[in-house]
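File shown: model-v2.txt. Contents: compact mmCIF, C-alpha atoms.
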```txt
# COMPACT_ATOMS: atom_id res chain seq x y z
CA MET A 1 -4.48 -32.11 13.90
CA ASN A 2 -1.97 -29.79 15.51
CA THR A 3 -3.36 -26.69 17.13
CA LEU A 4 -2.89 -23.72 14.87
CA THR A 5 -0.60 -21.04 16.28
CA PRO A 6 0.52 -17.66 14.89
CA ASP A 7 3.99 -19.22 14.41
CA ILE A 8 2.56 -21.78 12.00
CA VAL A 9 0.70 -19.05 10.13
CA TYR A 10 3.91 -17.01 9.83
CA LYS A 11 5.66 -20.09 8.41
CA LEU A 12 2.92 -20.44 5.80
CA LEU A 13 3.17 -16.75 4.94
CA ALA A 14 6.90 -17.17 4.38
CA SER A 15 6.00 -18.87 1.08
CA VAL A 16 4.09 -15.82 -0.19
CA THR A 17 6.19 -13.50 -2.32
CA ASP A 18 5.68 -10.01 -3.69
CA PRO A 19 4.47 -10.51 -7.29
CA GLU A 20 6.43 -7.44 -8.43
CA VAL A 21 9.62 -8.26 -6.52
CA PRO A 22 9.50 -12.06 -6.36
CA ALA A 23 12.81 -12.25 -4.50
CA LEU A 24 11.05 -11.00 -1.37
CA THR A 25 8.48 -12.72 0.80
CA VAL A 26 5.80 -10.70 2.54
CA LEU A 27 7.74 -11.22 5.77
CA ASP A 28 10.98 -9.88 4.25
CA LEU A 29 9.05 -6.81 3.12
CA GLY A 30 7.71 -6.26 6.62
CA ILE A 31 4.13 -5.73 5.51
CA VAL A 32 2.59 -8.30 7.88
CA ARG A 33 1.75 -6.35 11.02
CA ASN A 34 -0.10 -8.90 13.04
CA VAL A 35 -1.45 -12.44 13.03
CA GLU A 36 -4.20 -13.54 15.39
CA VAL A 37 -5.50 -17.07 15.69
CA SER A 38 -8.80 -17.94 17.36
CA GLU A 39 -11.42 -20.69 17.33
CA LYS A 40 -14.73 -20.24 15.57
CA GLY A 41 -17.17 -23.14 15.54
CA ASN A 42 -14.47 -25.72 16.35
CA ALA A 43 -12.32 -24.55 13.45
CA PRO A 44 -9.38 -22.19 13.55
CA SER A 45 -9.90 -18.66 12.37
CA VAL A 46 -7.03 -16.40 11.32
CA LYS A 47 -6.92 -12.63 11.21
CA ILE A 48 -3.97 -11.09 9.39
CA THR A 49 -3.26 -7.38 9.36
CA ILE A 50 -1.17 -6.11 6.48
CA THR A 51 0.00 -2.65 5.46
CA PRO A 52 0.54 -1.18 1.99
CA THR A 53 4.03 -0.03 0.96
CA TYR A 54 2.58 2.78 -1.20
CA SER A 55 -1.04 4.00 -1.15
CA GLY A 56 -1.70 2.83 -4.68
CA CYS A 57 0.42 -0.31 -4.71
CA PRO A 58 -1.51 -2.62 -7.07
CA ALA A 59 0.31 -5.66 -5.71
CA MET A 60 -1.60 -5.49 -2.42
CA ASP A 61 -4.71 -7.18 -3.82
CA VAL A 62 -2.66 -9.99 -5.35
CA ILE A 63 -0.66 -10.37 -2.14
CA SER A 64 -3.86 -10.69 -0.08
CA MET A 65 -5.18 -13.31 -2.49
CA ASN A 66 -1.93 -15.28 -2.40
CA MET A 67 -1.90 -15.20 1.41
CA ARG A 68 -5.43 -16.53 1.39
CA MET A 69 -4.46 -19.29 -1.05
CA ALA A 70 -1.44 -20.30 1.06
CA LEU A 71 -3.64 -20.69 4.13
CA LEU A 72 -6.52 -22.37 2.28
CA SER A 73 -4.18 -24.97 0.83
CA HIS A 74 -3.32 -25.94 4.42
CA GLY A 75 -6.94 -26.39 5.37
CA ILE A 76 -7.44 -23.03 7.07
CA LYS A 77 -10.79 -21.76 5.86
CA GLN A 78 -11.71 -18.84 8.07
CA ILE A 79 -9.37 -16.08 6.94
CA ASN A 80 -9.79 -12.39 7.49
CA ILE A 81 -7.18 -10.07 5.96
CA GLU A 82 -7.32 -6.43 6.96
CA SER A 83 -5.32 -3.47 5.81
CA GLN A 84 -3.97 -0.87 8.23
CA LEU A 85 -2.30 2.41 7.30
CA THR A 86 -0.88 3.65 10.60
CA PRO A 87 1.88 3.81 11.46
CA ALA A 88 2.91 4.18 7.83
CA TRP A 89 5.14 1.42 6.45
CA THR A 90 8.74 2.36 5.94
CA THR A 91 11.63 0.52 4.28
CA ASP A 92 13.14 0.23 7.80
CA TRP A 93 10.69 -2.62 8.31
CA MET A 94 12.32 -4.65 5.59
CA SER A 95 14.37 -7.46 7.12
CA GLU A 96 18.16 -7.57 6.81
CA GLU A 97 17.74 -10.92 5.07
CA GLY A 98 15.31 -9.28 2.67
CA LYS A 99 17.86 -6.59 1.82
CA GLN A 100 20.49 -9.25 1.07
CA LYS A 101 18.00 -11.13 -1.11
CA LEU A 102 17.23 -7.94 -3.04
CA LYS A 103 20.91 -7.34 -3.66
CA ALA A 104 21.43 -10.90 -4.87
CA TYR A 105 18.44 -10.40 -7.18
CA GLY A 106 20.12 -7.34 -8.72
CA ILE A 107 18.15 -4.60 -6.95
CA ALA A 108 20.10 -2.14 -4.77
CA PRO A 109 18.38 -2.29 -1.37
CA PRO A 110 17.39 0.73 0.73
CA TYR A 111 20.29 1.59 3.04
CA ARG A 112 19.28 4.83 4.74
CA LYS A 113 16.91 5.04 7.69
CA ALA A 114 13.64 6.38 6.34
CA ALA A 115 13.50 9.02 9.10
CA ASP A 116 16.82 10.54 7.91
CA THR A 117 15.11 12.41 5.12
CA LEU A 118 17.07 13.96 2.31
CA GLY A 119 16.90 17.63 1.45
CA LEU A 120 14.80 18.55 -1.55
CA PHE A 121 17.56 17.93 -4.07
CA GLU A 122 19.92 15.72 -2.07
CA GLU A 123 20.62 12.38 -3.65
CA ASP A 124 21.34 8.98 -2.22
CA ALA A 125 24.74 7.44 -2.96
CA ILE A 126 23.74 4.02 -4.25
CA THR A 127 26.11 1.08 -4.58
CA CYS A 128 25.88 -1.02 -7.75
CA PRO A 129 24.42 -4.41 -6.74
CA ARG A 130 26.45 -6.17 -9.44
CA CYS A 131 30.01 -4.84 -9.15
CA GLY A 132 29.86 -2.98 -5.83
CA SER A 133 31.01 0.31 -7.35
CA GLN A 134 29.91 3.54 -5.68
CA GLU A 135 30.14 5.34 -9.01
CA THR A 136 26.49 5.25 -9.99
CA GLU A 137 24.05 7.70 -11.51
CA LEU A 138 20.32 8.22 -11.15
CA VAL A 139 18.54 7.66 -14.45
CA SER A 140 14.95 8.06 -13.31
CA GLN A 141 13.36 8.75 -9.93
CA PHE A 142 10.53 6.46 -10.93
CA GLY A 143 10.76 2.86 -12.09
CA ALA A 144 8.63 -0.12 -13.04
CA THR A 145 6.93 -0.06 -9.62
CA SER A 146 6.24 2.74 -7.12
CA CYS A 147 8.93 1.40 -4.79
CA LYS A 148 11.86 1.55 -7.19
CA ALA A 149 14.07 4.08 -9.01
CA LEU A 150 16.36 3.47 -12.00
CA TYR A 151 20.14 3.81 -11.79
CA LYS A 152 23.12 3.13 -13.98
CA CYS A 153 26.56 1.99 -12.86
CA LEU A 154 29.37 4.14 -14.26
CA SER A 155 31.95 1.41 -13.60
CA CYS A 156 30.39 -1.73 -15.06
CA HIS A 157 27.86 0.25 -17.14
CA GLU A 158 24.96 -1.98 -16.13
CA PRO A 159 21.57 -0.41 -15.49
CA PHE A 160 19.93 -1.48 -12.25
CA GLU A 161 16.97 -0.79 -9.98
CA HIS A 162 17.09 0.65 -6.48
CA PHE A 163 14.44 -0.05 -3.86
CA LYS A 164 13.91 3.51 -2.62
CA CYS A 165 14.22 4.51 1.03
CA HIS A 166 10.67 5.40 1.92
CA MET B 167 -13.39 0.86 11.94
CA GLU B 168 -10.33 2.81 12.95
CA GLY B 169 -10.78 6.00 14.98
CA ASN B 170 -14.55 6.27 14.85
CA PRO B 171 -15.12 9.99 14.41
CA ASN B 172 -18.79 9.76 15.27
CA ASN B 173 -17.97 9.58 18.96
CA GLU B 174 -16.51 13.05 18.82
CA ILE B 175 -18.79 14.63 16.27
CA PRO B 176 -22.25 14.55 17.68
CA ASN B 177 -24.34 16.60 15.32
CA THR B 178 -25.39 16.22 11.73
CA LYS B 179 -23.73 19.44 10.68
CA MET B 180 -20.34 18.25 11.84
CA LYS B 181 -20.87 14.84 10.29
CA ASN B 182 -21.66 16.48 6.97
CA ALA B 183 -18.63 18.73 7.27
CA LEU B 184 -16.33 15.76 7.82
CA LEU B 185 -17.90 13.95 4.88
CA ASN B 186 -17.49 16.98 2.62
CA TYR B 187 -13.94 17.44 3.79
CA THR B 188 -13.03 13.81 3.13
CA LEU B 189 -14.70 13.91 -0.27
CA SER B 190 -12.95 17.10 -1.31
CA LEU B 191 -9.56 15.56 -0.53
CA ALA B 192 -10.53 12.38 -2.34
CA ASP B 193 -11.78 14.33 -5.37
CA ASN B 194 -8.52 16.29 -5.62
CA ALA B 195 -6.47 13.10 -5.61
CA SER B 196 -8.80 11.37 -8.05
CA VAL B 197 -9.02 14.18 -10.62
CA MET B 198 -5.27 14.82 -10.43
CA SER B 199 -4.67 11.12 -10.91
CA HIS B 200 -6.92 11.12 -13.97
CA ARG B 201 -5.15 14.08 -15.56
CA LEU B 202 -1.70 12.57 -15.03
CA GLY B 203 -2.96 9.20 -16.24
CA GLU B 204 -3.96 10.82 -19.54
CA TRP B 205 -0.23 11.05 -20.29
CA CYS B 206 0.16 7.27 -20.14
CA GLY B 207 1.84 6.21 -23.40
CA HIS B 208 2.32 9.84 -24.46
CA GLY B 209 5.21 10.96 -22.22
CA PRO B 210 8.07 12.75 -23.97
CA VAL B 211 10.51 10.00 -22.92
CA LEU B 212 9.92 6.64 -21.31
CA GLU B 213 11.26 7.66 -17.87
CA GLN B 214 8.87 10.60 -17.68
CA ASP B 215 5.94 8.53 -18.90
CA ILE B 216 6.72 6.19 -16.01
CA ALA B 217 7.11 9.09 -13.58
CA LEU B 218 3.67 10.49 -14.44
CA THR B 219 1.92 7.16 -14.16
CA ASN B 220 3.70 6.38 -10.88
CA ILE B 221 2.57 9.69 -9.41
CA SER B 222 -0.90 9.05 -10.79
CA LEU B 223 -0.89 5.67 -9.06
CA ASP B 224 0.03 7.22 -5.70
CA ASP B 225 -2.81 9.71 -6.18
CA ILE B 226 -5.33 7.00 -6.97
CA GLY B 227 -4.17 5.14 -3.87
CA GLN B 228 -4.75 8.23 -1.74
CA ALA B 229 -8.13 8.74 -3.40
CA ARG B 230 -9.12 5.15 -2.61
CA SER B 231 -8.25 5.46 1.09
CA LEU B 232 -10.24 8.69 1.29
CA TYR B 233 -13.27 7.46 -0.66
CA GLN B 234 -13.34 4.31 1.46
CA TYR B 235 -13.43 6.47 4.56
CA ALA B 236 -16.15 8.69 3.10
CA ALA B 237 -18.21 5.61 2.20
CA GLU B 238 -17.90 4.31 5.76
CA GLN B 239 -19.08 7.66 7.11
CA LEU B 240 -22.08 7.55 4.80
CA ASN B 241 -22.90 3.96 5.70
CA ASN B 242 -22.96 4.93 9.37
CA MET B 243 -25.49 7.71 8.78
CA PRO B 244 -29.21 7.08 9.11
CA THR B 245 -30.92 7.12 5.69
CA THR B 246 -32.88 10.28 6.52
CA GLU B 247 -29.64 12.22 6.94
CA LYS B 248 -28.25 11.31 3.55
CA THR B 249 -31.17 11.49 1.15
CA ASN B 250 -30.41 15.02 -0.02
CA LEU B 251 -26.66 15.08 0.09
CA PHE B 252 -26.09 14.40 -3.60
CA SER B 253 -27.82 15.36 -6.81
CA ASP B 254 -27.19 12.20 -8.76
CA MET B 255 -30.22 9.95 -9.35
CA MET B 256 -28.31 6.67 -9.49
CA LEU B 257 -26.49 7.40 -6.27
CA ASN B 258 -29.63 8.62 -4.52
CA ALA B 259 -31.50 5.48 -5.61
CA LYS B 260 -28.83 3.36 -3.94
CA ILE B 261 -29.01 5.44 -0.77
CA ALA B 262 -32.83 5.32 -0.71
CA ALA B 263 -32.71 1.53 -1.12
CA GLY B 264 -30.53 1.38 1.99
CA GLU B 265 -27.58 -0.10 0.09
CA ASN B 266 -24.12 0.21 1.54
CA LEU B 267 -21.92 2.44 -0.59
CA ASP B 268 -18.29 1.86 -1.46
CA GLU B 269 -15.37 3.85 -2.87
CA ASP B 270 -16.47 3.22 -6.46
CA ASP B 271 -19.96 4.60 -5.92
CA LEU B 272 -18.49 7.89 -4.73
CA ALA B 273 -16.00 8.19 -7.58
CA TYR B 274 -18.30 7.02 -10.37
CA LEU B 275 -21.77 8.13 -9.34
CA ARG B 276 -21.39 11.77 -8.39
CA ASP B 277 -21.76 14.41 -11.07
CA ALA B 278 -19.59 17.50 -11.46
CA TRP B 279 -21.55 19.73 -9.07
CA ASP B 280 -21.12 17.12 -6.33
CA TYR B 281 -17.34 17.15 -6.85
CA ARG B 282 -15.43 19.27 -4.36
CA SER B 283 -12.07 19.30 -6.10
CA LEU B 284 -9.91 22.35 -6.78
CA LEU B 285 -10.20 24.06 -10.15
CA LEU B 286 -6.43 23.68 -10.49
CA VAL B 287 -6.46 19.88 -10.77
CA GLU B 288 -9.04 19.75 -13.56
CA GLN B 289 -7.04 22.10 -15.81
CA PRO B 290 -6.03 20.34 -19.04
CA ASN B 291 -2.57 18.87 -19.62
CA LYS B 292 -2.05 21.08 -22.68
CA ASP B 293 1.71 20.63 -23.00
CA TRP B 294 4.59 19.50 -20.80
CA ALA B 295 4.99 22.96 -19.26
CA TYR B 296 1.34 23.18 -18.15
CA THR B 297 1.44 19.66 -16.77
CA ILE B 298 4.59 20.43 -14.76
CA ALA B 299 3.30 23.80 -13.54
CA ARG B 300 0.02 22.28 -12.34
CA SER B 301 1.82 19.46 -10.53
CA PHE B 302 4.30 21.87 -8.96
CA TYR B 303 1.64 24.19 -7.52
CA TYR B 304 -0.36 21.21 -6.27
CA ASP B 305 2.59 19.21 -4.84
CA ALA B 306 4.00 22.25 -3.05
CA PHE B 307 0.58 22.77 -1.45
CA MET B 308 -0.14 19.13 -0.63
CA GLN B 309 3.21 18.67 1.07
CA LEU B 310 2.36 21.43 3.54
CA PHE B 311 -1.24 20.30 3.79
CA TYR B 312 -0.46 16.68 4.66
CA LYS B 313 2.16 17.87 7.16
CA GLY B 314 -0.62 19.78 8.89
CA LEU B 315 -3.13 16.96 8.58
CA GLN B 316 -0.74 14.66 10.43
CA ASN B 317 -1.91 16.48 13.57
CA SER B 318 -5.58 15.84 12.85
CA LYS B 319 -7.74 14.68 15.74
CA ASP B 320 -9.35 12.28 13.29
CA ASP B 321 -7.28 9.09 13.33
CA ARG B 322 -8.19 8.03 9.83
CA LEU B 323 -7.26 11.33 8.20
CA LYS B 324 -4.11 11.43 10.30
CA GLY B 325 -3.13 7.97 9.07
CA ILE B 326 -3.81 8.81 5.42
CA ALA B 327 -1.79 12.03 5.82
CA GLU B 328 1.18 10.20 7.30
CA LYS B 329 1.20 7.75 4.42
CA SER B 330 0.61 10.33 1.70
CA LEU B 331 3.15 12.87 2.94
CA LYS B 332 6.03 10.59 2.02
CA GLU B 333 4.62 10.14 -1.45
CA VAL B 334 3.89 13.79 -2.14
CA THR B 335 7.35 14.86 -0.90
CA TYR B 336 8.81 12.66 -3.62
CA HIS B 337 6.38 14.12 -6.20
CA LEU B 338 7.40 17.64 -5.21
CA ARG B 339 11.03 16.84 -5.77
CA TRP B 340 10.23 15.66 -9.28
CA SER B 341 8.06 18.66 -10.23
CA SER B 342 10.54 21.14 -8.66
CA GLU B 343 13.39 19.69 -10.68
CA TRP B 344 11.37 20.08 -13.85
CA ILE B 345 10.48 23.69 -13.08
CA ILE B 346 14.19 24.43 -12.76
CA ARG B 347 15.16 22.39 -15.79
CA LEU B 348 12.60 24.13 -18.02
CA GLY B 349 13.03 27.62 -16.55
CA ASP B 350 16.81 27.51 -16.62
CA GLY B 351 16.85 25.63 -19.93
CA THR B 352 16.55 26.99 -23.45
CA ASP B 353 14.82 30.23 -24.40
CA GLU B 354 11.87 28.23 -25.67
CA SER B 355 11.49 26.05 -22.55
CA HIS B 356 11.85 29.15 -20.34
CA GLN B 357 9.16 31.00 -22.20
CA LYS B 358 6.80 27.99 -22.18
CA ILE B 359 7.06 27.31 -18.46
CA GLN B 360 6.76 31.02 -17.64
CA THR B 361 3.53 31.15 -19.67
CA ALA B 362 2.20 28.04 -17.93
CA ILE B 363 2.92 29.25 -14.39
CA ASN B 364 1.35 32.62 -15.27
CA ASP B 365 -1.78 31.05 -16.76
CA LEU B 366 -2.37 28.61 -13.89
CA TRP B 367 -1.60 31.17 -11.19
CA MET B 368 -5.22 32.29 -10.87
CA TYR B 369 -6.21 28.79 -9.70
CA THR B 370 -3.75 28.75 -6.79
CA GLY B 371 -5.71 31.09 -4.52
CA GLU B 372 -8.48 28.54 -4.07
CA MET B 373 -6.12 26.13 -2.33
CA PHE B 374 -5.91 28.50 0.64
CA LYS B 375 -9.55 29.56 0.68
CA MET B 376 -11.37 28.50 3.81
CA THR B 377 -14.89 27.32 2.95
CA ASP B 378 -17.44 26.75 5.71
CA THR B 379 -16.38 23.11 5.71
CA ASP B 380 -12.71 24.03 6.05
CA LYS B 381 -13.50 26.40 8.90
CA ALA B 382 -15.61 23.86 10.78
CA MET B 383 -12.94 21.19 10.42
CA ALA B 384 -10.09 23.50 11.43
CA VAL B 385 -11.97 24.66 14.53
CA ALA B 386 -12.66 21.03 15.47
CA GLY B 387 -8.93 20.23 15.19
CA ILE B 388 -9.66 17.79 12.37
CA GLY B 389 -8.72 19.91 9.37
CA VAL B 390 -5.88 22.23 8.47
CA ASP B 391 -5.84 26.03 8.66
CA LEU B 392 -5.29 26.57 4.94
CA ALA B 393 -4.76 30.31 5.09
CA GLY B 394 -1.88 29.63 7.48
CA LEU B 395 -0.07 27.55 4.85
CA HIS B 396 0.05 30.33 2.28
CA LYS B 397 3.22 32.05 3.50
CA ASP B 398 5.30 28.86 3.51
CA TRP B 399 3.91 27.81 0.15
CA LEU B 400 4.80 31.15 -1.38
CA ASN B 401 8.32 31.05 0.06
CA ASN B 402 8.87 27.54 -1.21
CA ILE B 403 7.72 28.24 -4.74
CA LYS B 404 9.61 31.57 -4.83
CA ASN B 405 12.78 29.70 -3.95
CA ILE B 406 12.33 27.26 -6.83
CA PHE B 407 11.32 30.00 -9.27
CA THR B 408 14.47 31.94 -8.37
CA GLN B 409 16.63 28.89 -9.11
CA ALA B 410 14.67 28.47 -12.34
CA THR B 411 15.20 32.15 -13.33
CA LEU B 412 11.40 32.49 -13.50
CA GLN B 413 9.25 35.44 -12.47
CA LEU B 414 6.69 34.90 -9.74
CA PRO B 415 3.30 35.87 -11.22
CA THR B 416 1.94 39.09 -9.74
CA ASP B 417 -1.76 38.90 -10.63
CA ILE B 418 -3.92 39.33 -7.58
CA TRP B 419 -7.26 38.18 -8.96
CA MET B 420 -8.02 34.53 -8.19
CA GLN B 421 -10.70 32.21 -9.57
CA ASP B 422 -12.38 29.87 -7.13
CA GLY B 423 -15.54 27.76 -6.91
CA GLY B 424 -14.40 24.16 -7.35
CA LYS B 425 -14.52 23.44 -3.63
CA GLU B 426 -18.19 24.44 -3.66
CA GLY B 427 -19.07 22.47 -6.77
CA HIS B 428 -18.76 25.26 -9.35
CA HIS B 429 -16.43 23.79 -11.92
CA SER B 430 -15.12 24.64 -15.35
CA GLU B 431 -16.41 22.61 -18.30
CA HIS B 432 -13.24 20.50 -18.08
CA LEU B 433 -14.42 18.43 -15.13
CA GLY B 434 -17.51 17.28 -17.02
CA TYR B 435 -15.35 15.76 -19.75
CA ILE B 436 -13.10 14.07 -17.20
CA LEU B 437 -16.10 12.54 -15.43
CA ALA B 438 -17.72 11.49 -18.71
CA ASP B 439 -14.56 9.58 -19.51
CA MET B 440 -14.19 8.16 -16.02
CA GLN B 441 -17.84 7.32 -15.32
CA PHE B 442 -19.16 6.22 -18.69
CA LEU B 443 -18.79 2.50 -18.06
CA GLN B 444 -20.40 2.44 -14.60
CA ARG B 445 -23.29 4.58 -15.77
CA THR B 446 -23.91 2.48 -18.86
CA TYR B 447 -23.38 -0.91 -17.21
CA PRO B 448 -24.01 -0.31 -13.49
CA GLY B 449 -21.92 -2.48 -11.21
CA LEU B 450 -19.80 -3.85 -14.04
CA ASP B 451 -16.69 -5.59 -12.74
CA TRP B 452 -13.63 -6.90 -14.53
```

Translate the structure described by the file into structure tokens.
Amino acid sequence: MNTLTPDIVYKLLASVTDPEVPALTVLDLGIVRNVEVSEKGNAPSVKITITPTYSGCPAMDVISMNMRMALLSHGIKQINIESQLTPAWTTDWMSEEGKQKLKAYGIAPPYRKAADTLGLFEEDAITCPRCGSQETELVSQFGATSCKALYKCLSCHEPFEHFKCH
Amino acid sequence: MEGNPNNEIPNTKMKNALLNYTLSLADNASVMSHRLGEWCGHGPVLEQDIALTNISLDDIGQARSLYQYAAEQLNNMPTTEKTNLFSDMMLNAKIAAGENLDEDDLAYLRDAWDYRSLLLVEQPNKDWAYTIARSFYYDAFMQLFYKGLQNSKDDRLKGIAEKSLKEVTYHLRWSSEWIIRLGDGTDESHQKIQTAINDLWMYTGEMFKMTDTDKAMAVAGIGVDLAGLHKDWLNNIKNIFTQATLQLPTDIWMQDGGKEGHHSEHLGYILADMQFLQRTYPGLDW
């Protein structure tokens, strides 16, 4: 059997997607902070550190379970998944590839650096992921999940979701 | 365990203060979350139903992080130090048996007088105006509070503050917009939101009241100097009220007590609803 390395673990994790945004893998989302591989009793042991996108994100439990399943199905039995809050996750950690995948999936990706905060009532100018128009309108600051807001395109008239800069 | 505070807090008094402090923050988030969650399926329009439940979800997430931290603190205390901390029999039985506690034990097995939450958050939803006014006062405070807590010497609280600040800033935007929309709306909406901000005003003073726990934590560089936040809070809400054509309430008398366990009858009903299942079927999982 090949020696287990963090690279192999990362490859396995690349098959784990966000249950609420299935277009994105956990690596695209940037929620995997660290992978450590060690030996325990002649068998490999893996410690994965993940971070929540929002404090109450209910997908985190499912994501942890799916990570565990992905590793178990490749014969890795000693798995320890820990959650870490600091530094707080931001949408800047989402990969460029992830943002393209989101767009292709019909969700307008975050485009602003999270540190460039908006004023209290300033609004993001969001591009429609379907027709590319800049003429869009916020419908609701909150959407089907904590990480998204609802918009409507004034050019093609399609409603769409935006993954909020956070 | 991240940032073990026990290295820096040698004596029992300080340990208890940190525990109380963590629990009071957790209780605020939990009770607020419960109140907002009561709107689920009853929002005036779908988008606002979703907004309330999303905010509620952020609050429950913050409550979980804080209760988990409080449970870890308790589990690190010798049994003799924690036998008389709570009044609840079920919780004390667990502690006496040397069981490790978790976030659920602290949310579900403490009775009202063990809750350290603000009176403001337990106030009933009543109507849309009261719900918005309560959220606005709370969000405007929490935004400043978490900003301050980001400088905490306690790594765990600092981390939770960093995470939560982003969330509460977004909540504040939502509640501020609603204050303006209702205040600067129709005669009826103006009158309703003015009544709500007037009625809830007397519960705002408690947010800035420094209890012994608050003082001990502020001196230790762990907690926030609450009294010092009052000026900014007042300026921020004045600014929104002006845009909303609303009058800032002028009553001086303030009701407090929640932070020391003296609650209105409302909290009992909230806890009855929240805790019924765990008290009837202890340890039930689903």

For chain B, report every residue with an atom at most 10 Å from chain A (counting all atoms listed in the file), formatted as a PDB file with C-alpha atoms, in the frame of the given file.
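This went into part.pdb:
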```pdb
ATOM      1  CA  GLU B 168     -10.330   2.810  12.950  1.00  0.00           C
ATOM      2  CA  LEU B 212       9.920   6.640 -21.310  1.00  0.00           C
ATOM      3  CA  GLU B 213      11.260   7.660 -17.870  1.00  0.00           C
ATOM      4  CA  GLN B 214       8.870  10.600 -17.680  1.00  0.00           C
ATOM      5  CA  ASP B 215       5.940   8.530 -18.900  1.00  0.00           C
ATOM      6  CA  ILE B 216       6.720   6.190 -16.010  1.00  0.00           C
ATOM      7  CA  ALA B 217       7.110   9.090 -13.580  1.00  0.00           C
ATOM      8  CA  LEU B 218       3.670  10.490 -14.440  1.00  0.00           C
ATOM      9  CA  THR B 219       1.920   7.160 -14.160  1.00  0.00           C
ATOM     10  CA  ASN B 220       3.700   6.380 -10.880  1.00  0.00           C
ATOM     11  CA  ILE B 221       2.570   9.690  -9.410  1.00  0.00           C
ATOM     12  CA  SER B 222      -0.900   9.050 -10.790  1.00  0.00           C
ATOM     13  CA  LEU B 223      -0.890   5.670  -9.060  1.00  0.00           C
ATOM     14  CA  ASP B 224       0.030   7.220  -5.700  1.00  0.00           C
ATOM     15  CA  ASP B 225      -2.810   9.710  -6.180  1.00  0.00           C
ATOM     16  CA  ILE B 226      -5.330   7.000  -6.970  1.00  0.00           C
ATOM     17  CA  GLY B 227      -4.170   5.140  -3.870  1.00  0.00           C
ATOM     18  CA  GLN B 228      -4.750   8.230  -1.740  1.00  0.00           C
ATOM     19  CA  ALA B 229      -8.130   8.740  -3.400  1.00  0.00           C
ATOM     20  CA  ARG B 230      -9.120   5.150  -2.610  1.00  0.00           C
ATOM     21  CA  SER B 231      -8.250   5.460   1.090  1.00  0.00           C
ATOM     22  CA  ASP B 321      -7.280   9.090  13.330  1.00  0.00           C
ATOM     23  CA  ARG B 322      -8.190   8.030   9.830  1.00  0.00           C
ATOM     24  CA  LYS B 324      -4.110  11.430  10.300  1.00  0.00           C
ATOM     25  CA  GLY B 325      -3.130   7.970   9.070  1.00  0.00           C
ATOM     26  CA  ILE B 326      -3.810   8.810   5.420  1.00  0.00           C
ATOM     27  CA  ALA B 327      -1.790  12.030   5.820  1.00  0.00           C
ATOM     28  CA  GLU B 328       1.180  10.200   7.300  1.00  0.00           C
ATOM     29  CA  LYS B 329       1.200   7.750   4.420  1.00  0.00           C
ATOM     30  CA  SER B 330       0.610  10.330   1.700  1.00  0.00           C
ATOM     31  CA  LEU B 331       3.150  12.870   2.940  1.00  0.00           C
ATOM     32  CA  LYS B 332       6.030  10.590   2.020  1.00  0.00           C
ATOM     33  CA  GLU B 333       4.620  10.140  -1.450  1.00  0.00           C
ATOM     34  CA  THR B 335       7.350  14.860  -0.900  1.00  0.00           C
ATOM     35  CA  TYR B 336       8.810  12.660  -3.620  1.00  0.00           C
ATOM     36  CA  HIS B 337       6.380  14.120  -6.200  1.00  0.00           C
ATOM     37  CA  LEU B 338       7.400  17.640  -5.210  1.00  0.00           C
ATOM     38  CA  ARG B 339      11.030  16.840  -5.770  1.00  0.00           C
ATOM     39  CA  TRP B 340      10.230  15.660  -9.280  1.00  0.00           C
ATOM     40  CA  SER B 342      10.540  21.140  -8.660  1.00  0.00           C
ATOM     41  CA  GLU B 343      13.390  19.690 -10.680  1.00  0.00           C
TER      42      GLU B 343
END
```

Point-to-point distance in Å for CA of Leu395 (chain B) and CA of Trp419 (chain B):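 Atom-to-atom, CA of Trp419 (chain B) and CA of Leu395 (chain B) are spaced 18.9 Å apart.
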
With a distance cut-off of 10 Å and only C-alpha atoms, select the neighbouring residues of Met65 (chain A), excluding the residue or stretch itself and same-chain residues fewer than 5 positions from it, and output the selection as a list in words. Val16, Ala59, Met60, Ala70 and Ile81 of chain A

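For the pair CA of Leu24 (chain A) and CA of Val9 (chain A), the interatomic distance is 17.4 Å.
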
What lies within 8 Å of region 153-155 of chain A using all atoms listed in the file, ignoring chain neighbours under 3 positions off, as a list in words?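 Counting all atoms listed in the file, the residues come to Cys128, Cys131, Ser133, Glu135, Thr136, Glu137, Glu158, Pro159 and Phe160 of chain A.
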
Could you tell me, as a VMD selection string, which residues have any atom at most 12 Å from (-14.1, -29.0, 14.6), counting only C-alpha atoms? chain A and resid 1 3 39 to 45 75 to 77

Env of Ile298 (chain B): 12 Å cut, atoms = only C-alpha atoms, seq-sep filter 4 positions within chain, self excluded. Answer as a ChimeraX atom specification. /B:201-202,205,214,217-218,287,289-294,302-306,337-349,355,358-363,366

Which residue, A:Ser83, A:Ser15, A:Ser38, A:Leu27, has the smallest gap to Asp61 (chain A) when you use only C-alpha atoms?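 Result for the nearest residue to Asp61 (chain A): A:Ser83.
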
Rank nothing, just name the residue among B:Ala295, B:Ala386, B:Met308, B:Leu400 nearest to Pro415 (chain B), using all atoms listed in the file.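 Ranked by minimum distance to Pro415 (chain B), first place goes to B:Leu400.
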
Need to verify the contact set: region 124-126 of chain A, 8 Å, all atoms listed in the file, exclusion of same-chain residues closer than 5 positions in sequence. Can you return it as a PyMOL selection string? chain A and resi 108+118+134+136+162

Quick one: everything within 10 Å of Tyr281 (chain B), counting all atoms listed in the file, minus sequence neighbours fewer than 2 positions away in the same chain. Send it as a ChimeraX atom specification. /B:186,189-190,192-194,197,252,272-273,276-279,283-284,424-429,433,437
